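Visitor: Okay, so here is input_26.csv, and as you'll see once you scroll down, it has CSV, C-alpha atoms and all ligand atoms.
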```csv
chain,number,residue,atom,x,y,z
D,139,MET,CA,240.4,159.1,98.5
D,140,LYS,CA,242.7,156.2,98.8
D,141,ARG,CA,243.3,154.3,95.6
D,142,PHE,CA,246.9,155.0,94.8
D,143,GLU,CA,246.7,158.4,96.4
D,144,GLN,CA,250.2,159.8,96.2
D,145,ALA,CA,252.1,161.0,99.2
D,146,GLU,CA,252.0,164.8,99.6
D,147,VAL,CA,255.7,165.0,98.9
D,148,MET,CA,255.1,164.0,95.3
D,149,GLY,CA,253.2,167.2,94.6
D,150,LYS,CA,255.9,169.3,96.1
D,151,LEU,CA,258.7,168.2,93.7
D,152,PRO,CA,259.8,171.0,91.4
D,153,GLU,CA,258.9,170.8,87.7
D,154,GLN,CA,261.6,169.3,85.5
D,155,PHE,CA,262.1,172.5,83.5
D,156,PHE,CA,264.5,171.1,81.0
D,157,ALA,CA,262.2,168.3,79.9
D,158,LYS,CA,260.2,170.9,78.0
D,159,LEU,CA,263.3,172.0,76.2
D,160,VAL,CA,264.1,168.5,75.1
D,161,LYS,CA,260.6,168.1,73.6
D,162,LYS,CA,260.9,171.4,71.6
D,163,VAL,CA,264.4,170.4,70.3
D,164,SER,CA,263.2,167.0,69.1
D,165,GLN,CA,260.5,168.7,67.1
D,166,TYR,CA,263.2,170.6,65.1
D,167,VAL,CA,265.4,167.5,64.7
D,168,GLU,CA,262.4,165.5,63.5
D,169,GLN,CA,261.8,168.1,60.8
D,170,GLY,CA,265.3,167.5,59.5
D,171,TYR,CA,267.0,170.8,60.7
D,172,ASP,CA,270.7,170.7,61.4
D,173,VAL,CA,270.3,171.5,65.1
D,174,ILE,CA,273.4,172.2,67.2
D,175,ASN,CA,272.5,171.3,70.8
D,176,LEU,CA,274.4,173.3,73.4
D,177,GLY,CA,271.6,173.1,75.9
D,178,GLN,CA,272.6,170.1,77.9
D,179,GLY,CA,275.3,169.2,80.4
D,180,ASN,CA,276.1,165.7,79.3
D,181,PRO,CA,279.9,165.2,78.6
D,182,ASP,CA,280.2,164.2,75.0
D,183,GLN,CA,283.5,162.3,75.1
D,184,PRO,CA,284.0,158.6,76.2
D,185,THR,CA,285.4,157.5,79.5
D,186,PRO,CA,289.2,156.9,79.2
D,187,ASN,CA,290.1,153.4,78.1
D,188,HIS,CA,292.0,152.5,81.3
D,189,ILE,CA,288.9,153.1,83.3
D,190,VAL,CA,286.7,151.1,81.0
D,191,ASP,CA,289.3,148.3,81.1
D,192,ALA,CA,289.2,148.3,84.9
D,193,LEU,CA,285.4,147.9,84.8
D,194,LYS,CA,285.8,144.9,82.5
D,195,GLU,CA,288.3,143.4,84.9
D,196,GLY,CA,286.0,144.1,87.8
D,197,ALA,CA,283.0,142.5,85.9
D,198,ASP,CA,285.1,139.3,85.6
D,199,ASN,CA,285.7,139.2,89.4
D,200,PRO,CA,283.1,136.9,91.1
D,201,ALA,CA,283.7,138.7,94.4
D,202,TYR,CA,282.0,141.7,92.9
D,203,HIS,CA,278.9,139.7,91.9
D,204,LYS,CA,277.9,139.6,95.5
D,205,TYR,CA,276.5,142.4,97.6
D,206,SER,CA,279.1,145.1,98.1
D,207,PRO,CA,279.9,146.1,101.7
D,208,PHE,CA,277.2,148.5,102.9
D,209,ARG,CA,279.2,151.7,103.0
D,210,GLY,CA,281.4,150.9,99.9
D,211,HIS,CA,284.7,149.1,99.5
D,212,SER,CA,287.6,150.5,101.6
D,213,PHE,CA,289.8,150.6,98.6
D,214,LEU,CA,287.5,153.2,97.0
D,215,LYS,CA,287.3,155.4,100.1
D,216,GLN,CA,291.1,155.2,100.4
D,217,ALA,CA,291.4,156.2,96.7
D,218,ALA,CA,289.2,159.2,97.4
D,219,ALA,CA,291.3,160.2,100.4
D,220,ASP,CA,294.5,159.8,98.4
D,221,PHE,CA,293.1,161.8,95.6
D,222,TYR,CA,292.2,164.7,98.0
D,223,LYS,CA,295.7,164.5,99.5
D,224,ARG,CA,297.4,164.6,96.2
D,225,GLU,CA,295.2,167.1,94.4
D,226,TYR,CA,294.4,169.5,97.2
D,227,GLY,CA,296.7,168.7,100.1
D,228,VAL,CA,293.6,167.8,102.2
D,229,THR,CA,293.9,164.9,104.8
D,230,LEU,CA,290.9,162.7,105.1
D,231,ASP,CA,290.1,159.7,107.2
D,232,PRO,CA,288.9,157.3,104.6
D,233,GLU,CA,286.5,155.4,106.9
D,234,LYS,CA,285.0,158.4,108.7
D,235,GLU,CA,285.3,161.3,106.3
D,236,VAL,CA,284.4,159.8,103.0
D,237,ALA,CA,280.9,158.5,101.9
D,238,VAL,CA,280.5,156.7,98.6
D,239,LEU,CA,277.6,158.1,96.5
D,240,PHE,CA,275.6,157.0,93.5
D,241,GLY,CA,276.7,160.2,91.7
D,242,GLY,CA,276.7,163.7,93.2
D,243,LYS,CA,273.0,164.2,92.5
D,244,THR,CA,272.1,161.5,95.0
D,245,GLY,CA,274.3,163.0,97.8
D,246,LEU,CA,272.9,166.5,97.2
D,247,VAL,CA,269.3,165.3,97.6
D,248,GLU,CA,270.1,162.9,100.5
D,249,LEU,CA,271.8,165.7,102.5
D,250,SER,CA,268.6,167.7,102.8
D,251,GLN,CA,266.8,164.5,104.1
D,252,CYS,CA,269.5,164.1,106.7
D,253,TYR,CA,269.4,167.7,108.0
D,254,LEU,CA,266.1,169.5,107.1
D,255,ASN,CA,262.8,169.2,108.8
D,256,SER,CA,259.5,170.6,107.5
D,257,GLY,CA,259.7,174.4,107.5
D,258,ASP,CA,263.5,174.7,108.0
D,259,ILE,CA,265.4,177.1,105.8
D,260,ALA,CA,268.1,176.2,103.3
D,261,LEU,CA,270.2,178.7,101.4
D,262,VAL,CA,270.6,178.1,97.7
D,263,PRO,CA,272.4,180.1,94.9
D,264,ASP,CA,270.2,181.8,92.3
D,265,PRO,CA,270.9,180.8,89.6
D,266,GLY,CA,271.8,177.3,90.8
D,267,TYR,CA,271.6,173.6,90.0
D,268,PRO,CA,268.0,172.5,90.4
D,269,ASP,CA,268.7,169.3,92.3
D,270,TYR,CA,269.3,171.4,95.5
D,271,TRP,CA,265.6,172.4,95.2
D,272,SER,CA,264.5,168.8,94.8
D,273,GLY,CA,266.1,167.6,98.1
D,274,ILE,CA,264.8,170.7,100.0
D,275,ALA,CA,261.3,170.1,98.6
D,276,MET,CA,261.3,166.4,99.6
D,277,ALA,CA,262.2,167.4,103.1
D,278,GLY,CA,259.3,169.9,103.1
D,279,ALA,CA,261.8,172.7,103.9
D,280,LYS,CA,262.0,176.3,102.5
D,281,MET,CA,264.5,177.9,100.3
D,282,GLU,CA,266.0,181.3,100.6
D,283,THR,CA,268.0,182.4,97.6
D,284,MET,CA,271.4,184.0,97.4
D,285,PRO,CA,271.7,186.0,94.1
D,286,LEU,CA,274.8,185.3,92.0
D,287,LEU,CA,275.4,188.5,90.1
D,288,ALA,CA,278.0,189.4,87.4
D,289,GLU,CA,279.1,192.5,89.4
D,290,ASN,CA,280.1,190.2,92.3
D,291,ALA,CA,281.9,187.6,90.1
D,292,PHE,CA,278.9,185.3,90.6
D,293,LEU,CA,279.7,184.8,94.2
D,294,PRO,CA,276.9,185.4,96.8
D,295,ASP,CA,277.1,188.6,98.7
D,296,TYR,CA,276.6,187.5,102.3
D,297,ASP,CA,276.1,191.1,103.5
D,298,ARG,CA,272.9,191.1,101.5
D,299,LEU,CA,271.4,188.2,103.5
D,300,GLU,CA,268.9,189.2,106.2
D,301,GLU,CA,270.0,188.6,109.7
D,302,ASN,CA,266.9,186.6,110.6
D,303,VAL,CA,267.4,184.3,107.6
D,304,LEU,CA,271.0,183.7,108.6
D,305,GLN,CA,269.9,183.0,112.2
D,306,GLU,CA,267.4,180.4,111.0
D,307,ALA,CA,269.2,178.8,108.0
D,308,LYS,CA,270.4,175.3,108.7
D,309,LEU,CA,272.0,174.4,105.4
D,310,MET,CA,273.7,176.2,102.5
D,311,PHE,CA,274.5,174.9,99.0
D,312,LEU,CA,277.4,176.4,97.1
D,313,ASN,CA,278.9,175.2,93.8
D,314,TYR,CA,282.2,176.4,92.2
D,315,PRO,CA,283.2,176.2,89.4
D,316,ASN,CA,279.6,177.1,89.0
D,317,ASN,CA,276.8,175.7,86.9
D,318,PRO,CA,275.4,177.7,85.2
D,319,THR,CA,277.4,180.9,85.6
D,320,ALA,CA,280.9,179.4,85.1
D,321,GLY,CA,282.1,181.6,88.0
D,322,VAL,CA,284.9,180.3,90.2
D,323,ALA,CA,285.5,180.6,93.9
D,324,THR,CA,288.5,182.1,95.6
D,325,LYS,CA,290.1,181.0,98.9
D,326,ASP,CA,289.1,184.3,100.4
D,327,PHE,CA,285.5,183.6,99.6
D,328,PHE,CA,285.6,180.2,101.1
D,329,GLU,CA,287.3,181.6,104.2
D,330,GLU,CA,284.4,184.1,104.5
D,331,THR,CA,282.0,181.2,104.1
D,332,VAL,CA,283.6,179.3,106.9
D,333,GLU,CA,283.4,182.4,109.2
D,334,LEU,CA,279.7,182.9,108.3
D,335,ALA,CA,278.9,179.3,108.8
D,336,LYS,CA,280.6,179.2,112.2
D,337,LYS,CA,278.9,182.4,113.3
D,338,HIS,CA,275.4,181.3,112.4
D,339,ASP,CA,275.9,177.5,112.8
D,340,ILE,CA,275.1,176.7,109.1
D,341,LEU,CA,276.0,173.4,107.5
D,342,VAL,CA,277.8,174.1,104.2
D,343,CYS,CA,277.6,171.8,101.3
D,344,HIS,CA,280.0,172.6,98.5
D,345,ASP,CA,279.1,170.9,95.2
D,346,PHE,CA,282.5,170.4,93.5
D,347,ALA,CA,281.1,168.7,90.3
D,348,TYR,CA,283.4,170.8,88.0
D,349,GLY,CA,286.3,170.7,90.4
D,350,ALA,CA,288.7,169.5,87.6
D,351,ILE,CA,287.7,172.1,85.1
D,352,GLY,CA,289.5,175.4,85.5
D,353,PHE,CA,291.0,177.5,82.6
D,354,GLU,CA,294.2,179.5,82.0
D,355,GLY,CA,296.2,177.1,84.3
D,356,LYS,CA,294.1,178.0,87.4
D,357,LYS,CA,293.1,174.9,89.3
D,358,PRO,CA,289.7,175.3,91.1
D,359,VAL,CA,289.9,175.6,94.9
D,360,SER,CA,288.4,172.9,97.0
D,361,PHE,CA,286.3,174.1,99.9
D,362,LEU,CA,288.2,171.7,102.2
D,363,GLU,CA,291.5,173.5,101.5
D,364,VAL,CA,290.4,176.3,103.7
D,365,ASP,CA,291.0,176.1,107.5
D,366,GLY,CA,288.0,175.2,109.5
D,367,ALA,CA,286.0,173.9,106.4
D,368,LYS,CA,285.7,170.4,107.8
D,369,GLU,CA,284.2,171.8,111.0
D,370,VAL,CA,281.3,173.4,109.1
D,371,GLY,CA,280.6,171.2,106.1
D,372,ILE,CA,281.3,168.8,103.3
D,373,GLU,CA,282.2,168.7,99.7
D,374,ILE,CA,280.6,166.6,97.1
D,375,TYR,CA,282.8,165.2,94.3
D,376,THR,CA,281.6,163.3,91.3
D,377,LEU,CA,283.5,161.3,88.7
D,378,SER,CA,280.9,162.3,86.0
D,379,LYS,CA,282.7,165.3,84.6
D,380,THR,CA,286.3,164.7,85.6
D,381,TYR,CA,286.5,161.4,83.8
D,382,ASN,CA,283.5,161.5,81.5
D,383,MET,CA,281.7,159.0,83.7
D,384,ALA,CA,278.2,160.6,83.9
D,385,GLY,CA,276.5,157.3,83.1
D,386,TRP,CA,278.4,155.3,85.7
D,387,ARG,CA,276.8,157.0,88.7
D,388,VAL,CA,279.7,157.3,91.1
D,389,GLY,CA,280.9,160.1,93.4
D,390,PHE,CA,281.7,160.7,97.0
D,391,ALA,CA,281.1,163.1,99.8
D,392,VAL,CA,284.0,164.2,101.9
D,393,GLY,CA,284.5,166.3,105.0
D,394,ASN,CA,282.7,166.7,108.4
D,395,GLU,CA,282.6,163.3,110.1
D,396,GLN,CA,279.2,163.8,111.6
D,397,VAL,CA,277.7,164.7,108.3
D,398,ILE,CA,279.4,161.8,106.5
D,399,GLU,CA,278.0,159.4,109.2
D,400,SER,CA,274.5,160.8,108.6
D,401,ILE,CA,274.7,160.3,104.8
D,402,ASN,CA,276.0,156.8,105.4
D,403,LEU,CA,273.2,156.0,107.8
D,404,LEU,CA,270.5,157.2,105.4
D,405,GLN,CA,272.1,155.2,102.6
D,406,ASP,CA,272.2,152.1,104.8
D,407,HIS,CA,268.4,152.2,104.4
D,408,PHE,CA,268.3,152.9,100.7
D,409,TYR,CA,271.1,150.9,99.2
D,410,VAL,CA,273.7,148.3,99.5
D,411,SER,CA,276.6,150.2,97.9
D,412,LEU,CA,277.5,150.4,94.2
D,413,PHE,CA,278.4,147.5,92.0
D,414,GLY,CA,281.9,146.4,93.0
D,415,ALA,CA,283.2,146.6,89.5
D,416,VAL,CA,282.1,150.2,89.3
D,417,GLN,CA,283.9,150.9,92.6
D,418,HIS,CA,287.0,149.1,91.2
D,419,ALA,CA,287.0,151.3,88.1
D,420,ALA,CA,286.3,154.4,90.1
D,421,ALA,CA,289.4,153.7,92.2
D,422,ALA,CA,291.4,153.2,89.1
D,423,ALA,CA,290.2,156.6,87.8
D,424,LEU,CA,291.3,158.3,91.0
D,425,ASN,CA,294.6,156.5,91.5
D,426,GLU,CA,296.1,156.2,88.1
D,427,SER,CA,297.6,158.8,85.8
D,428,GLN,CA,295.6,162.0,85.6
D,429,GLU,CA,296.9,162.8,82.1
D,430,CYS,CA,293.4,162.1,80.7
D,431,VAL,CA,292.0,164.9,83.0
D,432,ASP,CA,294.7,167.4,81.7
D,433,GLU,CA,293.8,166.5,78.1
D,434,LEU,CA,290.1,167.0,78.9
D,435,VAL,CA,290.6,170.4,80.4
D,436,GLU,CA,292.8,171.3,77.4
D,437,THR,CA,290.0,170.2,75.0
D,438,TYR,CA,287.4,172.3,76.9
D,439,GLU,CA,289.7,175.3,76.9
D,440,LYS,CA,290.3,175.1,73.2
D,441,ARG,CA,286.5,174.8,72.6
D,442,ARG,CA,285.9,177.8,74.9
D,443,ASN,CA,288.5,179.9,73.0
D,444,ALA,CA,287.0,178.9,69.7
D,445,PHE,CA,283.4,179.6,70.6
D,446,ILE,CA,283.9,182.8,72.6
D,447,GLY,CA,286.6,184.0,70.2
D,448,ARG,CA,284.3,183.6,67.3
D,449,LEU,CA,281.4,185.3,69.0
D,450,ARG,CA,283.8,188.2,69.7
D,451,GLU,CA,285.1,188.3,66.1
D,452,ASN,CA,281.5,188.6,65.1
D,453,GLY,CA,281.1,191.6,67.3
D,454,TRP,CA,279.4,190.1,70.4
D,455,ASN,CA,281.8,190.9,73.2
D,456,VAL,CA,280.8,188.2,75.8
D,457,ASP,CA,282.8,187.1,78.9
D,458,ALA,CA,284.8,183.8,78.7
D,459,PRO,CA,284.1,181.2,81.4
D,460,LYS,CA,286.7,180.7,84.1
D,461,GLY,CA,285.7,177.2,84.8
D,462,SER,CA,283.2,174.4,84.2
D,463,PHE,CA,282.2,173.6,80.6
D,464,PHE,CA,279.5,176.3,80.3
D,465,CYS,CA,279.3,179.7,78.8
D,466,TRP,CA,276.8,182.1,80.4
D,467,LEU,CA,275.6,184.5,77.7
D,468,PRO,CA,273.6,187.7,78.4
D,469,VAL,CA,270.2,187.9,76.8
D,470,PRO,CA,269.7,191.0,74.5
D,471,GLU,CA,267.3,193.8,75.6
D,472,GLY,CA,263.7,193.0,75.0
D,473,TYR,CA,264.0,189.2,75.6
D,474,THR,CA,263.6,186.9,78.5
D,475,SER,CA,265.9,183.8,78.7
D,476,GLU,CA,263.1,181.6,77.3
D,477,THR,CA,262.1,183.9,74.4
D,478,PHE,CA,265.7,184.3,73.5
D,479,ALA,CA,266.4,180.6,73.6
D,480,ASP,CA,263.3,180.0,71.5
D,481,HIS,CA,264.4,182.7,69.0
D,482,LEU,CA,267.9,181.0,68.7
D,483,LEU,CA,266.3,177.6,68.1
D,484,GLU,CA,263.9,179.0,65.5
D,485,LYS,CA,266.4,181.3,63.6
D,486,ALA,CA,269.8,179.7,64.2
D,487,HIS,CA,268.8,176.1,65.0
D,488,VAL,CA,271.1,176.4,68.1
D,489,VAL,CA,269.9,175.1,71.4
D,490,VAL,CA,270.8,176.9,74.6
D,491,ALA,CA,269.4,176.5,78.1
D,492,PRO,CA,267.2,179.4,79.3
D,493,GLY,CA,268.8,180.7,82.5
D,494,VAL,CA,265.4,181.0,84.2
D,495,GLY,CA,265.5,177.2,84.5
D,496,PHE,CA,268.2,177.8,87.2
D,497,GLY,CA,266.3,180.5,89.1
D,498,LYS,CA,264.9,184.0,88.7
D,499,GLU,CA,268.3,185.7,88.5
D,500,GLY,CA,269.1,183.5,85.6
D,501,ASP,CA,266.5,185.1,83.4
D,502,LYS,CA,269.0,187.6,82.0
D,503,TYR,CA,271.2,184.8,80.5
D,504,VAL,CA,271.2,181.6,78.5
D,505,ARG,CA,273.7,178.7,79.1
D,506,ALA,CA,275.7,177.2,76.2
D,507,GLY,CA,277.6,174.0,76.9
D,508,LEU,CA,281.0,173.4,75.3
D,509,LEU,CA,280.0,169.8,74.6
D,510,THR,CA,280.6,169.4,70.9
D,511,SER,CA,283.5,169.8,68.5
D,512,GLU,CA,285.4,173.1,67.9
D,513,GLU,CA,284.1,173.0,64.4
D,514,ARG,CA,280.4,172.8,65.5
D,515,LEU,CA,281.0,175.4,68.2
D,516,ILE,CA,282.4,177.8,65.6
D,517,GLU,CA,279.4,177.1,63.4
D,518,ALA,CA,277.1,177.7,66.3
D,519,ALA,CA,278.9,181.0,67.2
D,520,ASP,CA,278.4,182.2,63.6
D,521,ARG,CA,274.7,181.4,63.6
D,522,ILE,CA,274.2,183.0,67.0
D,523,ALA,CA,276.1,186.1,66.1
D,524,LYS,CA,274.0,186.5,62.9
D,525,VAL,CA,270.9,186.5,65.0
D,526,ILE,CA,272.4,189.0,67.5
D,527,LYS,CA,273.3,191.4,64.6
D,528,LYS,CA,269.7,191.3,63.4
D,529,ILE,CA,268.4,192.1,66.8
D,530,GLY,CA,270.8,195.0,66.7
K,601,LIG,C1,276.3,171.6,89.5
K,601,LIG,C2,276.2,170.1,89.4
K,601,LIG,N1,276.1,169.4,90.5
K,601,LIG,C3,276.0,168.1,90.5
K,601,LIG,C4,275.8,167.4,89.4
K,601,LIG,C5,275.5,165.9,89.4
K,601,LIG,O1,276.3,165.1,88.8
K,601,LIG,P1,276.3,163.6,89.0
K,601,LIG,O2,275.0,163.2,89.7
K,601,LIG,O3,276.4,163.0,87.6
K,601,LIG,O4,277.4,163.2,89.9
K,601,LIG,C6,275.8,168.1,88.2
K,601,LIG,C7,275.5,167.4,86.9
K,601,LIG,O5,275.2,168.0,85.9
K,601,LIG,C8,275.9,169.5,88.2
K,601,LIG,O6,275.9,170.3,87.1
```
Produce structure tokens that represent the structure in this file.
Ligand SMILES: Cc1ncc(COP(=O)(O)O)c(C=O)c1O

Guide:
Amino acid sequence: MKRFEQAEVMGKLPEQFFAKLVKKVSQYVEQGYDVINLGQGNPDQPTPNHIVDALKEGADNPAYHKYSPFRGHSFLKQAAADFYKREYGVTLDPEKEVAVLFGGKTGLVELSQCYLNSGDIALVPDPGYPDYWSGIAMAGAKMETMPLLAENAFLPDYDRLEENVLQEAKLMFLNYPNNPTAGVATKDFFEETVELAKKHDILVCHDFAYGAIGFEGKKPVSFLEVDGAKEVGIEIYTLSKTYNMAGWRVGFAVGNEQVIESINLLQDHFYVSLFGAVQHAAAAALNESQECVDELVETYEKRRNAFIGRLRENGWNVDAPKGSFFCWLPVPEGYTSETFADHLLEKAHVVVAPGVGFGKEGDKYVRAGLLTSEERLIEAADRIAKVIKKIG
């Protein structure tokens, strides 16, 4: 067999679970139902004007019509370093400890290619963001899961990991504020992580995609704020959620110099860096007033209060998220996450993401995104609560 025979790696890529959901939803929309879609993670609001203006300005600059410097413009790496200093008190060398990325997703997948060989072990949270699996599968490596349970505030319990797994594991993915559980990390937890990583020589990758979104005045903690974090790992930051820039594909990895060099080296062979105008606008986002971020967090918090408040008023006493823009709702007795999501779609015309799409431990939950207006969220809460009452 030769004609267009695919490389083995293609067969190892995990199924895109949520593609199935999109198909089901479109069937209901096509039939004319008033569907409220809380199933996706795509920020619903536009990028702030000053960032769009910076992109336009950049597009008019002929210097940006040429290839960008291989590892990104220095002004963007400096902006990332200044952002970390200002927001988290973390000092970074912009040339050695910052790598410019085509969005967080790219960095997450690349990291596994940089550090995992076939058969190596990587630790992933369960439930967790499926792109960790993609990179691990591409590298031909194996996953060991760390359950994120409600009784442990959705933090992994390192004591439950087997000694031989810890001995062998090369890489660990963490993500707080967490998608999908909406749990947040504490400094103590990150300190424990650094200790574990040092003891077992594990490279830690903290995915800080929802780093800007913490509720009740509590700013999420950066992994790099903890002593020794830079010795054991990196953090991946994206502009997608903080500035509603998901379509722009821009983020950066920060932290351990050796790891940053590896990511840059791999990227030297895939890309010439991002369009200069995007880098110019990204630097503007990081450097200029952060009022737009405060407003965004306020909007999500109001939505959270409206949605969770209404579910509670209707007699369903669910937990409110502490960070991210997701609510992690427990599935009633007798349902799996998929059957419950199907039931909500059918009876309430509300779309939620079945938790099993994020891993086995997610099967007791569905994820609802706060990515529509308060009004629609209240309507969704009323419809969901009605279904819950009927289930009894
Ligand atoms: C947990 C988590 N990590 C990373 C990403 C990737 O974001 P991007 O590739 O847009 O930077 C997302 C996006 O939904 C996410 O939810």

Visitor: Pick from D:Ala275, D:Leu341, D:Ala391, D:Val332: nearest to D:Ala218, with only C-alpha atoms counted?

Guide: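 Using only C-alpha atoms, D:Ala218 sits closest to D:Ala391.
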
Visitor: What residues have any atom no more than 7 Å from ligand LIG 601 (chain K) when counting all atoms listed in the file, and can you list them as a PyMOL selection string?

Guide: chain D and resi 179+241-244+267+313+316-317+345+347+376-378+384+387-389

Visitor: Could you pull the residues within 12 Å of D:Tyr314, counting only C-alpha atoms, minus those fewer than 3 positions along the same chain, as a ChimeraX atom specification?

Guide: /D:263,266-267,286,291-294,311,317-325,327-328,343-352,357-361,373-375,459-463

Visitor: Please, could you write that set of residues out with C-alpha atoms as a short mmCIF file (atom, residue, chain, number, x, y, z; two decimals), keeping the file's coordinate frame?

Guide:
```cif
data_model
loop_
_atom_site.label_atom_id
_atom_site.label_comp_id
_atom_site.auth_asym_id
_atom_site.auth_seq_id
_atom_site.Cartn_x
_atom_site.Cartn_y
_atom_site.Cartn_z
CA PRO D 263 272.40 180.10 94.90
CA GLY D 266 271.80 177.30 90.80
CA TYR D 267 271.60 173.60 90.00
CA LEU D 286 274.80 185.30 92.00
CA ALA D 291 281.90 187.60 90.10
CA PHE D 292 278.90 185.30 90.60
CA LEU D 293 279.70 184.80 94.20
CA PRO D 294 276.90 185.40 96.80
CA PHE D 311 274.50 174.90 99.00
CA ASN D 317 276.80 175.70 86.90
CA PRO D 318 275.40 177.70 85.20
CA THR D 319 277.40 180.90 85.60
CA ALA D 320 280.90 179.40 85.10
CA GLY D 321 282.10 181.60 88.00
CA VAL D 322 284.90 180.30 90.20
CA ALA D 323 285.50 180.60 93.90
CA THR D 324 288.50 182.10 95.60
CA LYS D 325 290.10 181.00 98.90
CA PHE D 327 285.50 183.60 99.60
CA PHE D 328 285.60 180.20 101.10
CA CYS D 343 277.60 171.80 101.30
CA HIS D 344 280.00 172.60 98.50
CA ASP D 345 279.10 170.90 95.20
CA PHE D 346 282.50 170.40 93.50
CA ALA D 347 281.10 168.70 90.30
CA TYR D 348 283.40 170.80 88.00
CA GLY D 349 286.30 170.70 90.40
CA ALA D 350 288.70 169.50 87.60
CA ILE D 351 287.70 172.10 85.10
CA GLY D 352 289.50 175.40 85.50
CA LYS D 357 293.10 174.90 89.30
CA PRO D 358 289.70 175.30 91.10
CA VAL D 359 289.90 175.60 94.90
CA SER D 360 288.40 172.90 97.00
CA PHE D 361 286.30 174.10 99.90
CA GLU D 373 282.20 168.70 99.70
CA ILE D 374 280.60 166.60 97.10
CA TYR D 375 282.80 165.20 94.30
CA PRO D 459 284.10 181.20 81.40
CA LYS D 460 286.70 180.70 84.10
CA GLY D 461 285.70 177.20 84.80
CA SER D 462 283.20 174.40 84.20
CA PHE D 463 282.20 173.60 80.60
#
```

Visitor: Quick one: of D:Gln396, D:Asn382, D:Ser250, D:Thr510, who's nearest to D:Cys430, counting all atoms listed in the file?

Guide: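 Of D:Gln396, D:Asn382, D:Ser250, D:Thr510, the one nearest D:Cys430 is D:Asn382, counting all atoms listed in the file.
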
Visitor: Hey, which of D:Gly447, D:Gly472, D:Gly278, D:Pro200 ends up closest to D:Leu151? Count all atoms listed in the file.

Guide: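 Closest candidate: D:Gly278.
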
Visitor: Please indicate the distance in Å from atom CA of D:Asp520 to atom CA of D:His487, rounded to one decimal place.

Guide: 11.5 Å

Visitor: Between atom CA of D:Gly210 and atom CA of D:Ala419, what is the distance in Å, rounded to a tenth?

Guide: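 Result for atom CA of D:Gly210 versus atom CA of D:Ala419: 13.1 Å, one decimal.
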
Visitor: Rounded to one decimal place, report the atom CA of D:Val236-atom CA of D:Leu249 distance in Å.

Guide: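 So the answer is 13.9 Å.
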
Visitor: Point out the residue among D:Ala307, D:Ile516, D:Leu483, D:Val456 with the least atom-to-atom distance to D:Tyr503, counting all atoms listed in the file.

Guide: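 Nearest candidate to D:Tyr503 out of D:Ala307, D:Ile516, D:Leu483, D:Val456: D:Val456.
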
Visitor: Between D:Asp480, D:Gln428, D:Cys465, D:Gly500, which one has atoms that come closest to D:His188, using all atoms listed in the file?

Guide: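 The closest residue to D:His188 is D:Gln428.
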
Visitor: Closest to D:Gln165 among D:Glu484, D:Glu289, D:Glu248, D:Glu426, using only C-alpha atoms?

Guide: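 Of all the options, D:Glu484 lies closest to D:Gln165.
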
Visitor: Residues at most 10 Å from stretch 406-412 of chain D, counting all atoms listed in the file, excluding those fewer than 3 positions away in the same chain, as a list in words?

Guide: Tyr202, Tyr205, Ser206, Pro207, Phe208, Arg209, Gly210, His211, Val238, Leu239, Phe240, Trp386, Arg387, Val388, Ser400, Ile401, Asn402, Leu403, Ala415, Val416 and Gln417 of chain D
